[in-house]
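Comments concern the structure below.
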Amino acid sequence: MTKCFGFDFSNLYESDPSMKTQIPDAVSRREFLKLTGRLATVSALAGVTLPYVHAAGSDLIQVALVGCGGRGTGAAGQALSTKSGPIKLVAMADVFDPRLGAAHGRLTKQFAAQPSLVDVPEDRRFIGLDSYKAAMDVLKPGDVVILATPPAFRWVHFGYAIAKGLHVFMEKPVTVDGPTSKRMLLLGEDASRKNLKVGVGLMCRHCKARGELADRIQQGEIGDLLMMRAYRLHGPIGFFASPPKPANQSHLMYQIERFHSFMWASGGAFSDFYIHNIDECSWMKGAWPVKAQANGGRHYRGDSIDQNFDAYSVEYTFGDGAKLFLEGRCQTGAQAEHSSWAHGTKGLAVVSEKGHIPSKARIYKGHNLAAANLLWAFPQPEPNPYQVEWDDLIGAIRADRPYNEVKRGVEASLVTSMGRMAAHTGRTVTYDEMLNCDHEFAPWLDTLTASSPAPLQPDANGRYPIPQPGLITKREY
């Protein structure tokens with residue numbers, strides 16, 4: 001067993017038995033040497049033997065929030081809403097002070113009736129690119145850190161959390177390219193060896209309605225599953241589009257702040273917006289797609305300098321030839337839809353109808369949504385999967401049950417990146433090709449400082465590189 005700095009890089013995870021496409025053991029010696037070097041900053045901590053288990057239902061679990069945007073703040077609220085034992089938020093970290101302040105205010109208001117749950121005085125609110133260390137340093141082994149920064153930083157923060165002996169909840173996506181996918185798999189395996197519990201924010205996997213639907217589909221209730229459709233069509237949201245950079249802000253801070261606009265930071269709008277639809281459909285199939293071909297384009301962009309396409313159309317193919325068709329669009333005034341559907345030889349299943357929650361999972365005879373054709377529907381109301389995923393994670397920590405969602409999170413992120421790369425290059429991209437693509441969007445993020453050059457540099461006119469399908473085909477830009 002090969003170890004360096006306390007991290008084991010000898011192999012990758014065994015495959016998830018519920019999914020039929022696995023990530024191969026593809027880490028070469030050269031890649032190994034590159035990976036181990038990245039983790040030197042936490043080497044002094046990695047060899048320490050630490051007690052990572054909380055006594056069932058008795059010990060206080062302290063939580064630190066790293067990344068104080070909307071999803072991170074929501075995750076912190078769900079952590080504090082678990083009922084299995086005492087828990088409180090004790091530290092917060094972000095690159096931007098106003099964002100942290102807004103998150104603290106929102107959580108303080110949410111838990112005004114239980115003020116002890118949000119115990120984050122000024123001296124435990126940390127700002128800066130290295131603030132994640134200070135926040136995690138507040139915790140003791142066996143506590144929980146929420147990693148909700150842009151996903152480019154996930155492997156850096158996860159490595160430090162493992163070295164500190166912390167359980168982790170990390171938001172999706174967990175990777176944006178092949179090299180970081182391999183790195184996260186290795187870190188995920190080491191977390192498992194150290195008995196650390198790790199949740200990934202693909203909350204649809206914790207949805208009771210979707211879970212029962214997946215069982216019914218895989219038992220043949222809609223016949224052989226031939227085709228699925230997924231749609232996320234709406235106007236611009238988040239930081240989908242970005243105007244020219246203000247003169248008083250560096251390119252690095254601008255790109256981190258507006259992370260949806262830049263592939264190195266987030267995988268772009270494609271990875272952040274579409275991963276849930278792709279993941280829930282792959283769950284219904286019980287497999288990951290093996291290849292993708294796609295189209296996409298930019299329209300009506302004005303002075304926007306982001307890297308996103310406005311519209312994407314992807315055909316994912318599974319190992320048995322079944323298809324998943326994904327349609328994504330961010331355009332003002334166009335028809336909106338946010339749903340996923342599964343078609344079999346006997347009938348139709350609604351995977352999600354209007355957004356992530358509630359699913360309103362149903363099965364119909366045939367392929368028309370007529371009430372007379374309804375065969376099954378999950379009873380309403382449904383448990384909120386955003387809360388269920390936290391109940392599951394904290395429950396596993398307190399009961400010391402095995403719990404590690406990293407591999408599945410990496411696979412979902414990689415499949416999403418596969419479709420994105422197919423659209424951005426204008427050619428078919430396979431699963432193995434995406435995993436082994438050596439284009440790392442932002443290497444050496446573990447050494448990044450506020451004065452570092454941004455991973456993406458503009459041209460003389462202040463514009464950043466964008467994908468050019470058919471012209472640039474080996475990498476995305």
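Chain labels follow the order of the structure tokens: the first chain is A, the next B, and so on; residue numbering restarts at 1 in every chain, and ligands are counted from 1 in their shown order.
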Practice prompt. For Ala93 in chain A, work out the shell of residues within 9 Å, counting only C-alpha atoms and skipping chain neighbours fewer than 5 positions away, then give it as a PyMOL selection string.
Written response: chain A and resi 64-68+100+124-128+130-135
Extract, using only C-alpha atoms, all DNA, RNA and protein residues at most 9 Å from range 232-243 of chain A, discarding same-chain residues fewer than 2 positions from it, and format them as a PDB file with C-alpha atoms, in the first residue's frame.
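What follows is the written file selection.pdb:
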ATOM      1  CA  ALA A 230     -34.312  15.995 -19.145  1.00  0.00           C
ATOM      2  CA  LYS A 245     -14.743  43.300 -15.273  1.00  0.00           C
ATOM      3  CA  PRO A 246     -14.793  46.410 -13.069  1.00  0.00           C
ATOM      4  CA  GLU A 257     -17.075  35.939  -7.420  1.00  0.00           C
ATOM      5  CA  ARG A 258     -18.850  35.180 -10.723  1.00  0.00           C
ATOM      6  CA  PHE A 259     -17.921  31.501 -10.740  1.00  0.00           C
ATOM      7  CA  HIS A 260     -20.815  30.257 -12.914  1.00  0.00           C
ATOM      8  CA  SER A 261     -19.302  32.237 -15.781  1.00  0.00           C
ATOM      9  CA  PHE A 262     -15.948  30.478 -15.798  1.00  0.00           C
ATOM     10  CA  GLY A 268     -19.610  26.721 -16.086  1.00  0.00           C
ATOM     11  CA  ALA A 269     -23.380  26.870 -16.086  1.00  0.00           C
ATOM     12  CA  PHE A 273     -27.115  23.724 -13.473  1.00  0.00           C
ATOM     13  CA  TYR A 274     -27.559  20.348 -15.206  1.00  0.00           C
ATOM     14  CA  ASN A 277     -31.063  16.094 -14.032  1.00  0.00           C
ATOM     15  CA  ARG A 301     -24.695  38.148 -25.759  1.00  0.00           C
ATOM     16  CA  GLY A 302     -24.058  41.877 -25.958  1.00  0.00           C
ATOM     17  CA  ASP A 303     -20.987  42.713 -23.886  1.00  0.00           C
ATOM     18  CA  SER A 304     -20.976  39.468 -21.840  1.00  0.00           C
ATOM     19  CA  ILE A 305     -17.499  38.016 -21.392  1.00  0.00           C
ATOM     20  CA  ASP A 306     -18.353  34.712 -19.680  1.00  0.00           C
ATOM     21  CA  GLN A 307     -17.509  31.313 -21.232  1.00  0.00           C
ATOM     22  CA  ASN A 308     -21.017  29.796 -21.289  1.00  0.00           C
ATOM     23  CA  ASP A 310     -26.814  29.993 -23.949  1.00  0.00           C
ATOM     24  CA  ALA A 311     -28.260  26.674 -25.090  1.00  0.00           C
ATOM     25  CA  LEU A 326     -30.684  16.689 -22.138  1.00  0.00           C
ATOM     26  CA  GLU A 327     -31.861  20.154 -23.115  1.00  0.00           C
ATOM     27  CA  GLY A 328     -30.483  23.197 -21.297  1.00  0.00           C
ATOM     28  CA  ARG A 329     -31.114  26.875 -21.971  1.00  0.00           C
ATOM     29  CA  CYS A 330     -30.633  30.232 -20.252  1.00  0.00           C
ATOM     30  CA  GLN A 331     -32.506  32.785 -22.348  1.00  0.00           C
ATOM     31  CA  THR A 332     -34.909  35.489 -21.263  1.00  0.00           C
ATOM     32  CA  GLY A 333     -38.440  35.139 -22.620  1.00  0.00           C
ATOM     33  CA  ALA A 334     -38.108  31.579 -23.911  1.00  0.00           C
ATOM     34  CA  GLN A 335     -40.334  28.735 -22.718  1.00  0.00           C
ATOM     35  CA  ALA A 336     -39.396  27.453 -19.258  1.00  0.00           C
ATOM     36  CA  GLU A 337     -39.309  23.832 -18.133  1.00  0.00           C
ATOM     37  CA  HIS A 338     -37.434  21.920 -15.444  1.00  0.00           C
ATOM     38  CA  SER A 339     -38.219  18.212 -15.503  1.00  0.00           C
ATOM     39  CA  SER A 340     -36.998  14.672 -16.202  1.00  0.00           C
ATOM     40  CA  GLY A 355     -37.771  21.578 -10.405  1.00  0.00           C
TER      41      GLY A 355
END
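Going from CA of Tyr464 in chain A to CA of Tyr254 in chain A covers 12.2 Å.
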Fill in: All helix (DSSP H, G or I) positions in range 364-470 of chain A, as a PyMOL selection string
chain A and resi 371-373+385-399+406-425+431-436+445-447
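Excluding Tyr403 in chain A itself and any same-chain residue fewer than 3 positions from it, the protein and nucleic acid residues within 9 Å of it, counting only C-alpha atoms, are Ser192, Asn195, Leu196, Lys197, Val198, Gly199, Asp392, Leu393, Ala396, Ile397 and Asp400 of chain A.
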